[in-house]
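**Student:** This is the structure I have questions about; it appears just below.
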Amino acid sequence: MKNRSLIISLMCFMVFLSCKNEQALHDAKMAFDFDWKFALDDHPGAEQPDFDDSEWRLLDVPHDFSIEQPFDSTYLTGGGGGYAYSGIGWYRKHFVTEKAFTNKKVSVLFDGVYRNSEVWINGHYLGIRPYGYSSFYYDLTPYLEPVGEENVIAVKVDTSEQPNSRWYTGSGIYRHVWLVAKNKLHIDQWGVFARTIETNQNEARVDVSIELNNDNDADQLCTVVTKFIDSEGKQVAKSETDVEVKAGQQQVIDQNIQLNNAKLWSIGQPNLYRLQVELMSGNEVVDSYTTAFGVRTFQFDPNKGFSLNGKHVKLKGVNNHHDGGPLGAAVFNQTHKRQLEILKEMGCNALRMSHNPPASELLAYADSLGFVVIDEIFDEWMDGKTPAGYATHFEEWYERDVENWIRRDRNHPSVIAWSIGNEVREQYNKDNAEKIIPMLLEAAKKHDSTRPFTLACNEIVNFNDFGVLELLDIVGYNYQEAFYETDHEKYPNRVIYGSETVMYPYHDHNAWQMRSYQQWLDGQLEDYVAGEFLWTGFDYLGEAGIGHVGTGFEFWKIWPNWPWRGADCGVIDMCGFPKPGYWFRKSLWNDEPMVYIAVQTDASARNRNMASFWNWPKVEAHWNHETPGDTLAVHVYTNVPDVELKLNGKSLGNRKWDLKNEAFLFFEVPYQPGKLEAIGKTKDGKTVSFAVETAGEPAKMVLTPDRQTIKANKQDLCYVTVQLLDANNVPVPFADNLVEFEVTGAGKLLSVGNGNQQSHTFFKGNKMEAHLGKCLAIVQSTDEKGEITITAKSGTLPVTTARLVAE
């Protein structure tokens with residue numbers, strides 16, 4: 001049975017190898033996600049191999065035990081943590097020492113465990129990792145049982161100290177786990193670093209450093225062979241270096257490789273090579289490392305902003321937390337890919353990781369889909385924000401966490417900057433700021449000095465007074481648009497970008513961060529502002545009530561908290577359904593002509609000072625209202641110069657649009673049931689249109705899977721949208737019908753959701769009420785091939801099904 005588990009893991013690993021978007025894969029790296037035993041609460045003695053876990057639950061990771069419990073207003077995580085469950089969870093995995101492990105160095109690699117994870121192998125304590133967002137590994141070799149014997153890895157996770165974060169973290173082994181078996185002569189973990197030195201029309205020059213370890217008792221001769229292979233499988237460059245590695249030592253090999261007629265990596269054309277490093281002893285490959293690599297150069301300039309391969313690029317970015325909405329923290333690869341594809345469609349080209357290292361798979365998809373990334377590590381340093389946060393561990397652990405962060409992520413072409421912190425409390429402590437910034441930069445630059453370092457500041461005046469921002473290469477401004485122009489003049493060598501910006505261009509002018517439309521417009525149009533990162537791309541769990549915190553800038557006076565259990569400030573909800581702000585940003589960030597209609601659902605749609613500081617006014621794409629004759633505010637988001645609005649075929653007039661004058665068009669329309677249509681005309685006379693219609697009562701459901709085929713690897717996902725329609729197939733905008741799901745065949749129902757941050761319906765159940773006429777079912781593959789059927793039922797509405805195939 002144990003041999004079967006390892007065989008399944010190896011088979012799943014081969015499936016992973018076939019995915020072109022997969023993150024850096026070593027030949028010796030095996031998937032270790034399957035067949036873990038799990039139990040909630042503390043279990044003294046569970047680290048011992050003979051502990052009886054026969055009654056424990058069998059599951060696969062990624063796994064989040066917080067999301068498996070109902071939200072509760074009494075939980076210690078509070079509003080910041082989304083009123084989520086916290087506590088202790090134990091994981092145990094049994095595996096057999098294979099003959100192939102003989103004379104190998106065997107380690108276990110955890111991509112992420114939240115938090116205070118302690119690990120044992122066969123009762124031997126391997127260590128603790130307080131920070132929940134670091135990837136880390138342990139050497140198992142000294143403690144493995146003889147070939148054919150069983151081993152037990154035990155992991156204790158403890159999130160009971162609360163609050164320890166300002167957002168939902170999840171709990172458990174929430175990212176992938178790998179078993180790595182290497183020869184004693186091997187390439188170090190994350191020990192290959194490749195970087196583009198220069199490019200021109202004819203060639204590119206790439207430096208590659210390879211860290212070799214020799215754990216043998218004797219010196220060893222070897223050859224390091226580095227190859228670049230293009231997308232068609234053709235080898236385009238190669239370098240060989242002979243070296244003698246001393247016994248018990250590490251040696252670094254540097255190679256300079258020329259690529260002729262190199263295809264550059266860019267946002268529009270994310271060309272990737274396969275970088276393959278082989279360590280040869282005689283004719284035998286004793287170790288290898290393979291990763292995607294993009295040839296590109298970039299630059300930040302205080303006057304011209306950001307350029308990629310010599311071409312100016314405005315950063316059109318978003319911030320995102322790490323959770324996957326209904327999945328909690330246990331996010332699978334397809335979730336990352338789906339989220340980035342939705343953002344790409346909006347015109348987004350940049351991501352800021354807020355406020356911790358992301359899953360490595362997310363960066364791999366950023367590489368392949370064409371995003372640039374600001375990779376961030378800490379939300380707090382020594383001056384803590386939460387009672388049980390990282391500040392209590394910072395001095396002891398920051399160097400190790402920084403090392404693993406940068407070494408793991410430094411080969412991604414998408415990563416253009418390292419952010420060492422976000423809104424740190426040292427903004428109010430000059431002594432600590434002057435101490436810690438150099439500490440972090442020194443620790444980080446040991447592992448990459450080729451990229452700029454940054455920090456996100458929401459108290460820019462204080463840091464300006466401290467004089468510490470000159471230590472950074474680029475400076476992030478959180479909600480500080482009011483200081484762009486003055487700081488650009490005062491600090492002419494500073495690179496400025498909006499590390500967090502609000503999505504709505506109009507706010508109460510008494511808000512000191514942004515006092516005018518012109519300041520917002522400067523951030524969009526002025527080259528010296530490198531770009532912006534909206535808060536946020538997707539709604540997220542935790543920071544309950546953000547997006548509905550009072551009106552105007554007075555957000556701190558009314559904080560809803562419960563029953564809110566998440567933040568509503570994204571341009572996309574937690575299920576991946578775009579919100580009105582998404583379509584406004586699409587009009588701003590895309591050249592493709594478009595119009596979009598959004599109609600008021602409360603008075604904030606017409607009163608700029610009533611809009612929440614972190615949200616869009618209350619509008620939706622609808623034309624349903626109770627009282628004919630009432631005047632409704634209508635927003636039209638467009639990027640064409642002329643728009644005509646029609647109600648039931650009758651023109652309500654034309655309006656001219658120019659971004660320099662107004663962000664979007666605003667109409668007042670007396671309500672009459674029927675069809676409201678916007679018709680936009682481009683400069684060359686082409687037309688685009690968008691319409692909303694009055695809907696009747698729900699009469700049917702339509703199920704729309706986002707994919708028709710998924711992989712039978714126990715980890716692939718399909719997102720199935722339910723849309724409520726009336727008898728005329730018009731979407732019913734405010735339908736809240738309860739929908740019950742059933743999944744049969746070669747798949748299972750993983751989670752359900754609806755995007756409503758006040759809903760407490762269980763994500764892991766089989767029922768979900770619609771919100772704004774929609775809800776979602778997330779289907780997960782098994783290890784079986786075949787058809788998957790998704791059935792949806794809702795009261796007296798016709799039963800609806802959708803089908804897909806696992807292969």
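How things are named: the first chain in the structure tokens is A, the next is B, and so on; residues count from 1 in each chain; ligands count from 1 in the order shown.
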Using the chain letters and numbers from this document, which residues of segment 410-616 of chain A does DSSP assign to strand (DSSP E or B), as a PyMOL selection string?

**Tutor:** chain A and resi 415-422+453-457+475-478+496-501+529-534+538+540-541+552+566-567+572+578+595-600+612

**Student:** Considering only C-alpha atoms, return as a list of chain:residue names whatever protein or nucleic-acid residues lie within 7 Å of Met280 of chain A, sequence-local ones (same chain, fewer than 5 positions apart) excluded.

**Tutor:** A:Cys222, A:Thr223, A:Val224, A:Val285, A:Val286

**Student:** Of the candidates A:Phe664, A:Trp178, A:Trp418, A:Phe136, which one gets nearest to Ser449 of chain A if we count only C-alpha atoms?

**Tutor:**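 Once distances to Ser449 of chain A are computed over only C-alpha atoms, the minimum belongs to A:Trp418.
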
**Student:** Please identify all polymer residues within 6 Å of segment 717-732 of chain A, counting only C-alpha atoms, omitting same-chain residues fewer than 6 positions from it, and present them as a list of chain:residue names.

**Tutor:**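 Result of the neighbour search: A:Ala695, A:Gly696, A:Glu697, A:Pro698, A:Ala699, A:Lys700, A:Met701, A:Val702, A:Leu703, A:Thr704, A:Pro705, A:Asp706, A:Gly773, A:Lys774, A:Cys775, A:Leu776, A:Ala777, A:Ile778, A:Val779, A:Gln780.
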
**Student:** Which residue out of A:Asn754, A:Gln299, A:Gln518, A:Ser354 has the minimum interatomic distance to Arg451 of chain A when only C-alpha atoms are used?

**Tutor:**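 Of A:Asn754, A:Gln299, A:Gln518, A:Ser354, the one nearest Arg451 of chain A is A:Gln299, counting only C-alpha atoms.
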
**Student:** Using only C-alpha atoms, which protein or nucleic acid residues come within 7 Å of segment 535-541 of chain A? Drop anything in the same chain fewer than 6 positions from it, and give the result as a PyMOL selection string.

**Tutor:** chain A and resi 82+167-168+318-321+323+325+500-503+565-574

**Student:** Put those residues in a file: N, CA, C and O atoms, as a PDB file, in the first residue's frame.

**Tutor:**
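The file below, result-v2.pdb, is the result:
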ATOM      1  N   GLY A  82     -10.883  37.679   9.491  1.00  0.00           N
ATOM      2  CA  GLY A  82     -12.095  37.183   8.851  1.00  0.00           C
ATOM      3  C   GLY A  82     -12.960  36.318   9.751  1.00  0.00           C
ATOM      4  O   GLY A  82     -13.776  35.543   9.259  1.00  0.00           O
ATOM      5  N   TRP A 167      -5.125  40.069   7.905  1.00  0.00           N
ATOM      6  CA  TRP A 167      -6.018  39.502   6.899  1.00  0.00           C
ATOM      7  C   TRP A 167      -6.172  38.012   7.182  1.00  0.00           C
ATOM      8  O   TRP A 167      -5.529  37.455   8.075  1.00  0.00           O
ATOM      9  N   TYR A 168      -7.016  37.346   6.408  1.00  0.00           N
ATOM     10  CA  TYR A 168      -7.207  35.911   6.554  1.00  0.00           C
ATOM     11  C   TYR A 168      -5.947  35.184   6.101  1.00  0.00           C
ATOM     12  O   TYR A 168      -5.440  35.417   5.002  1.00  0.00           O
ATOM     13  N   VAL A 318      -2.410  45.565  -9.860  1.00  0.00           N
ATOM     14  CA  VAL A 318      -3.298  45.337  -8.729  1.00  0.00           C
ATOM     15  C   VAL A 318      -2.512  44.683  -7.609  1.00  0.00           C
ATOM     16  O   VAL A 318      -1.479  44.051  -7.825  1.00  0.00           O
ATOM     17  N   ASN A 319      -3.012  44.851  -6.394  1.00  0.00           N
ATOM     18  CA  ASN A 319      -2.560  44.092  -5.242  1.00  0.00           C
ATOM     19  C   ASN A 319      -3.495  42.908  -5.048  1.00  0.00           C
ATOM     20  O   ASN A 319      -4.701  43.014  -5.292  1.00  0.00           O
ATOM     21  N   ASN A 320      -2.944  41.814  -4.564  1.00  0.00           N
ATOM     22  CA  ASN A 320      -3.766  40.657  -4.229  1.00  0.00           C
ATOM     23  C   ASN A 320      -3.242  39.978  -2.977  1.00  0.00           C
ATOM     24  O   ASN A 320      -2.029  39.831  -2.810  1.00  0.00           O
ATOM     25  N   HIS A 321      -4.179  39.585  -2.096  1.00  0.00           N
ATOM     26  CA  HIS A 321      -3.812  38.667  -1.017  1.00  0.00           C
ATOM     27  C   HIS A 321      -3.755  37.248  -1.572  1.00  0.00           C
ATOM     28  O   HIS A 321      -4.118  36.994  -2.721  1.00  0.00           O
ATOM     29  N   ASP A 323      -5.344  34.393  -0.626  1.00  0.00           N
ATOM     30  CA  ASP A 323      -6.423  33.416  -0.532  1.00  0.00           C
ATOM     31  C   ASP A 323      -7.141  33.263  -1.867  1.00  0.00           C
ATOM     32  O   ASP A 323      -7.099  34.140  -2.728  1.00  0.00           O
ATOM     33  N   GLY A 325     -10.533  32.839  -2.148  1.00  0.00           N
ATOM     34  CA  GLY A 325     -11.962  32.978  -1.900  1.00  0.00           C
ATOM     35  C   GLY A 325     -12.523  31.731  -1.243  1.00  0.00           C
ATOM     36  O   GLY A 325     -12.120  31.367  -0.125  1.00  0.00           O
ATOM     37  N   GLU A 500      -0.132  51.273  -3.538  1.00  0.00           N
ATOM     38  CA  GLU A 500      -1.554  51.015  -3.308  1.00  0.00           C
ATOM     39  C   GLU A 500      -2.322  52.268  -3.682  1.00  0.00           C
ATOM     40  O   GLU A 500      -2.000  53.364  -3.209  1.00  0.00           O
ATOM     41  N   THR A 501      -3.329  52.109  -4.526  1.00  0.00           N
ATOM     42  CA  THR A 501      -4.161  53.240  -4.924  1.00  0.00           C
ATOM     43  C   THR A 501      -5.624  52.829  -4.850  1.00  0.00           C
ATOM     44  O   THR A 501      -5.966  51.658  -5.025  1.00  0.00           O
ATOM     45  N   VAL A 502      -6.485  53.808  -4.601  1.00  0.00           N
ATOM     46  CA  VAL A 502      -7.915  53.522  -4.574  1.00  0.00           C
ATOM     47  C   VAL A 502      -8.434  53.464  -6.000  1.00  0.00           C
ATOM     48  O   VAL A 502      -7.907  54.106  -6.908  1.00  0.00           O
ATOM     49  N   MET A 503      -9.481  52.672  -6.206  1.00  0.00           N
ATOM     50  CA  MET A 503      -9.956  52.438  -7.562  1.00  0.00           C
ATOM     51  C   MET A 503     -10.814  53.582  -8.091  1.00  0.00           C
ATOM     52  O   MET A 503     -10.930  53.764  -9.289  1.00  0.00           O
ATOM     53  N   ARG A 565     -17.237  39.270   6.692  1.00  0.00           N
ATOM     54  CA  ARG A 565     -16.104  38.415   7.033  1.00  0.00           C
ATOM     55  C   ARG A 565     -14.994  38.537   6.005  1.00  0.00           C
ATOM     56  O   ARG A 565     -14.079  37.741   5.946  1.00  0.00           O
ATOM     57  N   GLY A 566     -15.089  39.592   5.167  1.00  0.00           N
ATOM     58  CA  GLY A 566     -14.051  39.825   4.182  1.00  0.00           C
ATOM     59  C   GLY A 566     -14.117  41.232   3.630  1.00  0.00           C
ATOM     60  O   GLY A 566     -15.000  42.032   3.974  1.00  0.00           O
ATOM     61  N   ALA A 567     -13.172  41.528   2.775  1.00  0.00           N
ATOM     62  CA  ALA A 567     -13.031  42.849   2.173  1.00  0.00           C
ATOM     63  C   ALA A 567     -13.725  42.877   0.820  1.00  0.00           C
ATOM     64  O   ALA A 567     -13.579  41.959   0.020  1.00  0.00           O
ATOM     65  N   ASP A 568     -14.432  43.956   0.575  1.00  0.00           N
ATOM     66  CA  ASP A 568     -15.254  44.104  -0.631  1.00  0.00           C
ATOM     67  C   ASP A 568     -14.669  45.162  -1.561  1.00  0.00           C
ATOM     68  O   ASP A 568     -15.393  45.806  -2.304  1.00  0.00           O
ATOM     69  N   CYS A 569     -13.352  45.353  -1.484  1.00  0.00           N
ATOM     70  CA  CYS A 569     -12.739  46.482  -2.180  1.00  0.00           C
ATOM     71  C   CYS A 569     -12.073  46.091  -3.492  1.00  0.00           C
ATOM     72  O   CYS A 569     -11.347  46.891  -4.081  1.00  0.00           O
ATOM     73  N   GLY A 570     -12.292  44.880  -3.984  1.00  0.00           N
ATOM     74  CA  GLY A 570     -11.678  44.466  -5.239  1.00  0.00           C
ATOM     75  C   GLY A 570     -12.478  44.903  -6.447  1.00  0.00           C
ATOM     76  O   GLY A 570     -13.663  45.253  -6.347  1.00  0.00           O
ATOM     77  N   VAL A 571     -11.839  44.870  -7.601  1.00  0.00           N
ATOM     78  CA  VAL A 571     -12.573  45.083  -8.847  1.00  0.00           C
ATOM     79  C   VAL A 571     -13.190  43.774  -9.335  1.00  0.00           C
ATOM     80  O   VAL A 571     -13.963  43.754 -10.289  1.00  0.00           O
ATOM     81  N   ILE A 572     -12.852  42.672  -8.652  1.00  0.00           N
ATOM     82  CA  ILE A 572     -13.374  41.335  -8.956  1.00  0.00           C
ATOM     83  C   ILE A 572     -13.758  40.705  -7.629  1.00  0.00           C
ATOM     84  O   ILE A 572     -13.022  40.843  -6.637  1.00  0.00           O
ATOM     85  N   ASP A 573     -14.896  40.016  -7.567  1.00  0.00           N
ATOM     86  CA  ASP A 573     -15.273  39.426  -6.290  1.00  0.00           C
ATOM     87  C   ASP A 573     -14.530  38.117  -6.049  1.00  0.00           C
ATOM     88  O   ASP A 573     -13.729  37.676  -6.865  1.00  0.00           O
ATOM     89  N   MET A 574     -14.789  37.491  -4.914  1.00  0.00           N
ATOM     90  CA  MET A 574     -14.015  36.312  -4.520  1.00  0.00           C
ATOM     91  C   MET A 574     -14.263  35.112  -5.422  1.00  0.00           C
ATOM     92  O   MET A 574     -13.473  34.159  -5.412  1.00  0.00           O
TER      93      MET A 574
END

**Student:** For Pro492 of chain A, which of A:Pro560, A:Gly523, A:Pro302, A:Gly89 is the closest residue, counting only C-alpha atoms?

**Tutor:**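 Distance minimum relative to Pro492 of chain A lands on A:Pro302.
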
**Student:** Near Arg115 of chain A, counting only C-alpha atoms, which residues have an atom at most 7 Å away, once you skip same-chain residues fewer than 6 positions from it, shown as a list in words?

**Tutor:**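 Listed by chain and then number, they are Pro130, Tyr131, Gly132, Val157, Asp158, Thr159 and Ser171 of chain A.
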
**Student:** I need the residues of segment 199-372 of chain A that end up classed as alpha helix (DSSP H) by DSSP on the backbone, written out as number ranges by chain.

**Tutor:** A: 333-346, 360-369

**Student:** How about saving the chosen residues, N, CA and C atoms kept, as an mmCIF file, in the first residue's frame?

**Tutor:**
data_model
loop_
_atom_site.group_PDB
_atom_site.id
_atom_site.type_symbol
_atom_site.label_atom_id
_atom_site.label_comp_id
_atom_site.auth_asym_id
_atom_site.auth_seq_id
_atom_site.Cartn_x
_atom_site.Cartn_y
_atom_site.Cartn_z
ATOM 1 N N ASN A 333 -3.141 25.270 -8.491
ATOM 2 C CA ASN A 333 -2.483 25.943 -9.612
ATOM 3 C C ASN A 333 -3.480 26.603 -10.557
ATOM 4 N N GLN A 334 -4.584 25.916 -10.859
ATOM 5 C CA GLN A 334 -5.546 26.455 -11.801
ATOM 6 C C GLN A 334 -6.186 27.737 -11.280
ATOM 7 N N THR A 335 -6.299 27.866 -9.953
ATOM 8 C CA THR A 335 -6.840 29.099 -9.383
ATOM 9 C C THR A 335 -5.955 30.284 -9.737
ATOM 10 N N HIS A 336 -4.647 30.112 -9.593
ATOM 11 C CA HIS A 336 -3.722 31.191 -9.951
ATOM 12 C C HIS A 336 -3.865 31.552 -11.425
ATOM 13 N N LYS A 337 -3.909 30.553 -12.260
ATOM 14 C CA LYS A 337 -3.986 30.795 -13.701
ATOM 15 C C LYS A 337 -5.285 31.522 -14.053
ATOM 16 N N ARG A 338 -6.389 31.063 -13.496
ATOM 17 C CA ARG A 338 -7.694 31.693 -13.773
ATOM 18 C C ARG A 338 -7.699 33.155 -13.321
ATOM 19 N N GLN A 339 -7.182 33.422 -12.133
ATOM 20 C CA GLN A 339 -7.169 34.800 -11.646
ATOM 21 C C GLN A 339 -6.359 35.704 -12.567
ATOM 22 N N LEU A 340 -5.196 35.222 -12.999
ATOM 23 C CA LEU A 340 -4.361 36.068 -13.858
ATOM 24 C C LEU A 340 -4.990 36.269 -15.228
ATOM 25 N N GLU A 341 -5.677 35.275 -15.733
ATOM 26 C CA GLU A 341 -6.347 35.435 -17.022
ATOM 27 C C GLU A 341 -7.471 36.463 -16.935
ATOM 28 N N ILE A 342 -8.199 36.481 -15.824
ATOM 29 C CA ILE A 342 -9.253 37.483 -15.631
ATOM 30 C C ILE A 342 -8.642 38.880 -15.545
ATOM 31 N N LEU A 343 -7.534 39.006 -14.839
ATOM 32 C CA LEU A 343 -6.859 40.301 -14.743
ATOM 33 C C LEU A 343 -6.294 40.737 -16.090
ATOM 34 N N LYS A 344 -5.739 39.804 -16.838
ATOM 35 C CA LYS A 344 -5.168 40.126 -18.151
ATOM 36 C C LYS A 344 -6.242 40.686 -19.075
ATOM 37 N N GLU A 345 -7.426 40.091 -19.017
ATOM 38 C CA GLU A 345 -8.534 40.552 -19.851
ATOM 39 C C GLU A 345 -8.921 41.991 -19.509
ATOM 40 N N MET A 346 -8.712 42.400 -18.277
ATOM 41 C CA MET A 346 -9.009 43.769 -17.856
ATOM 42 C C MET A 346 -7.976 44.750 -18.389
ATOM 43 N N SER A 360 4.882 29.830 -5.649
ATOM 44 C CA SER A 360 5.797 29.884 -6.789
ATOM 45 C C SER A 360 5.056 29.633 -8.097
ATOM 46 N N GLU A 361 3.947 28.865 -8.049
ATOM 47 C CA GLU A 361 3.170 28.623 -9.266
ATOM 48 C C GLU A 361 2.562 29.902 -9.803
ATOM 49 N N LEU A 362 2.164 30.805 -8.913
ATOM 50 C CA LEU A 362 1.617 32.074 -9.378
ATOM 51 C C LEU A 362 2.652 32.842 -10.184
ATOM 52 N N LEU A 363 3.897 32.855 -9.704
ATOM 53 C CA LEU A 363 4.950 33.550 -10.442
ATOM 54 C C LEU A 363 5.227 32.864 -11.774
ATOM 55 N N ALA A 364 5.109 31.536 -11.810
ATOM 56 C CA ALA A 364 5.306 30.828 -13.075
ATOM 57 C C ALA A 364 4.252 31.229 -14.093
ATOM 58 N N TYR A 365 3.011 31.395 -13.648
ATOM 59 C CA TYR A 365 1.971 31.852 -14.570
ATOM 60 C C TYR A 365 2.168 33.314 -14.953
ATOM 61 N N ALA A 366 2.664 34.126 -14.037
ATOM 62 C CA ALA A 366 3.013 35.500 -14.395
ATOM 63 C C ALA A 366 4.069 35.513 -15.490
ATOM 64 N N ASP A 367 5.046 34.604 -15.389
ATOM 65 C CA ASP A 367 6.056 34.476 -16.439
ATOM 66 C C ASP A 367 5.423 34.144 -17.787
ATOM 67 N N SER A 368 4.547 33.160 -17.798
ATOM 68 C CA SER A 368 4.036 32.642 -19.067
ATOM 69 C C SER A 368 2.911 33.487 -19.652
ATOM 70 N N LEU A 369 2.192 34.228 -18.811
ATOM 71 C CA LEU A 369 1.074 35.046 -19.306
ATOM 72 C C LEU A 369 1.472 36.498 -19.558
#

**Student:** Separation of atom CA of Asp207 of chain A and atom CA of Val402 of chain A, in Å?

**Tutor:**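 Calculated distance between atom CA of Asp207 of chain A and atom CA of Val402 of chain A is 22.6 Å.
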
**Student:** When you count only C-alpha atoms, which of these residues is closest to Gln69 of chain A: A:Lys184, A:His507, A:Lys767, A:His760?

**Tutor:**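 Among A:Lys184, A:His507, A:Lys767, A:His760, it is A:His760 that comes nearest to Gln69 of chain A.
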
**Student:** When you look at Glu211 of chain A with a cut-off of 12 Å (counting only C-alpha atoms), what residues show up, excluding the ones that are within fewer than 6 positions of it in the same chain? I need them as a PyMOL selection string.

**Tutor:** chain A and resi 185-194+224+243+245+249-255+277+279+287-289+407+447

**Student:** Can you work out which one of A:Pro387, A:Pro326, A:Gly233, A:Gly685 has the shortest atom-to-atom distance to Leu76 of chain A, counting only C-alpha atoms?

**Tutor:** A:Pro387

**Student:** Tell me which protein, DNA and RNA residues are within 10 Å of Gln162 of chain A, counting only C-alpha atoms, leaving out same-chain ones fewer than 3 positions away, and put them as a list in words.

**Tutor:**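 The filter keeps Tyr75, Leu76, Thr77, Gly78, Gly81, Ser86, Gly87, Thr159, Ser165, Thr386, Pro387, Ala388 and Gly389 of chain A.
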
**Student:** Store the residues picked out above in a file with N, CA and C atoms, as a PDB file, in the first residue's frame.

**Tutor:**
ATOM      1  N   TYR A  75     -14.562  34.142  17.289  1.00  0.00           N
ATOM      2  CA  TYR A  75     -13.200  33.636  17.088  1.00  0.00           C
ATOM      3  C   TYR A  75     -12.165  34.730  17.332  1.00  0.00           C
ATOM      4  N   LEU A  76     -11.009  34.346  17.852  1.00  0.00           N
ATOM      5  CA  LEU A  76      -9.967  35.297  18.224  1.00  0.00           C
ATOM      6  C   LEU A  76      -9.307  35.977  17.031  1.00  0.00           C
ATOM      7  N   THR A  77      -9.462  35.418  15.840  1.00  0.00           N
ATOM      8  CA  THR A  77      -8.896  36.062  14.652  1.00  0.00           C
ATOM      9  C   THR A  77      -9.521  37.427  14.406  1.00  0.00           C
ATOM     10  N   GLY A  78     -10.754  37.627  14.869  1.00  0.00           N
ATOM     11  CA  GLY A  78     -11.421  38.913  14.745  1.00  0.00           C
ATOM     12  C   GLY A  78     -11.698  39.296  13.310  1.00  0.00           C
ATOM     13  N   GLY A  81      -8.783  38.881  10.729  1.00  0.00           N
ATOM     14  CA  GLY A  81      -8.586  37.518  10.244  1.00  0.00           C
ATOM     15  C   GLY A  81      -9.832  36.889   9.668  1.00  0.00           C
ATOM     16  N   SER A  86      -9.136  29.214  14.269  1.00  0.00           N
ATOM     17  CA  SER A  86      -7.691  29.037  14.433  1.00  0.00           C
ATOM     18  C   SER A  86      -7.455  27.999  15.514  1.00  0.00           C
ATOM     19  N   GLY A  87      -6.293  27.398  15.509  1.00  0.00           N
ATOM     20  CA  GLY A  87      -5.993  26.374  16.500  1.00  0.00           C
ATOM     21  C   GLY A  87      -4.822  25.520  16.071  1.00  0.00           C
ATOM     22  N   THR A 159      -1.880  27.824  14.935  1.00  0.00           N
ATOM     23  CA  THR A 159      -2.302  29.209  14.675  1.00  0.00           C
ATOM     24  C   THR A 159      -3.141  29.746  15.829  1.00  0.00           C
ATOM     25  N   SER A 165      -2.291  38.388  12.190  1.00  0.00           N
ATOM     26  CA  SER A 165      -2.253  38.960  10.846  1.00  0.00           C
ATOM     27  C   SER A 165      -3.396  39.956  10.707  1.00  0.00           C
ATOM     28  N   THR A 386       0.076  43.443  15.059  1.00  0.00           N
ATOM     29  CA  THR A 386      -0.840  42.528  15.729  1.00  0.00           C
ATOM     30  C   THR A 386      -0.121  41.889  16.915  1.00  0.00           C
ATOM     31  N   PRO A 387      -0.840  41.527  17.986  1.00  0.00           N
ATOM     32  CA  PRO A 387      -0.172  41.030  19.201  1.00  0.00           C
ATOM     33  C   PRO A 387       0.696  39.800  18.985  1.00  0.00           C
ATOM     34  N   ALA A 388       0.277  38.916  18.079  1.00  0.00           N
ATOM     35  CA  ALA A 388       1.026  37.668  17.871  1.00  0.00           C
ATOM     36  C   ALA A 388       1.632  37.607  16.478  1.00  0.00           C
ATOM     37  N   GLY A 389       1.904  38.754  15.887  1.00  0.00           N
ATOM     38  CA  GLY A 389       2.403  38.802  14.523  1.00  0.00           C
ATOM     39  C   GLY A 389       3.889  38.493  14.410  1.00  0.00           C
TER      40      GLY A 389
END

**Student:** Which residue, A:Pro357, A:Pro670, A:Gly629, A:Gly755, has the smallest gap to Leu647 of chain A when you use only C-alpha atoms?

**Tutor:** A:Pro670
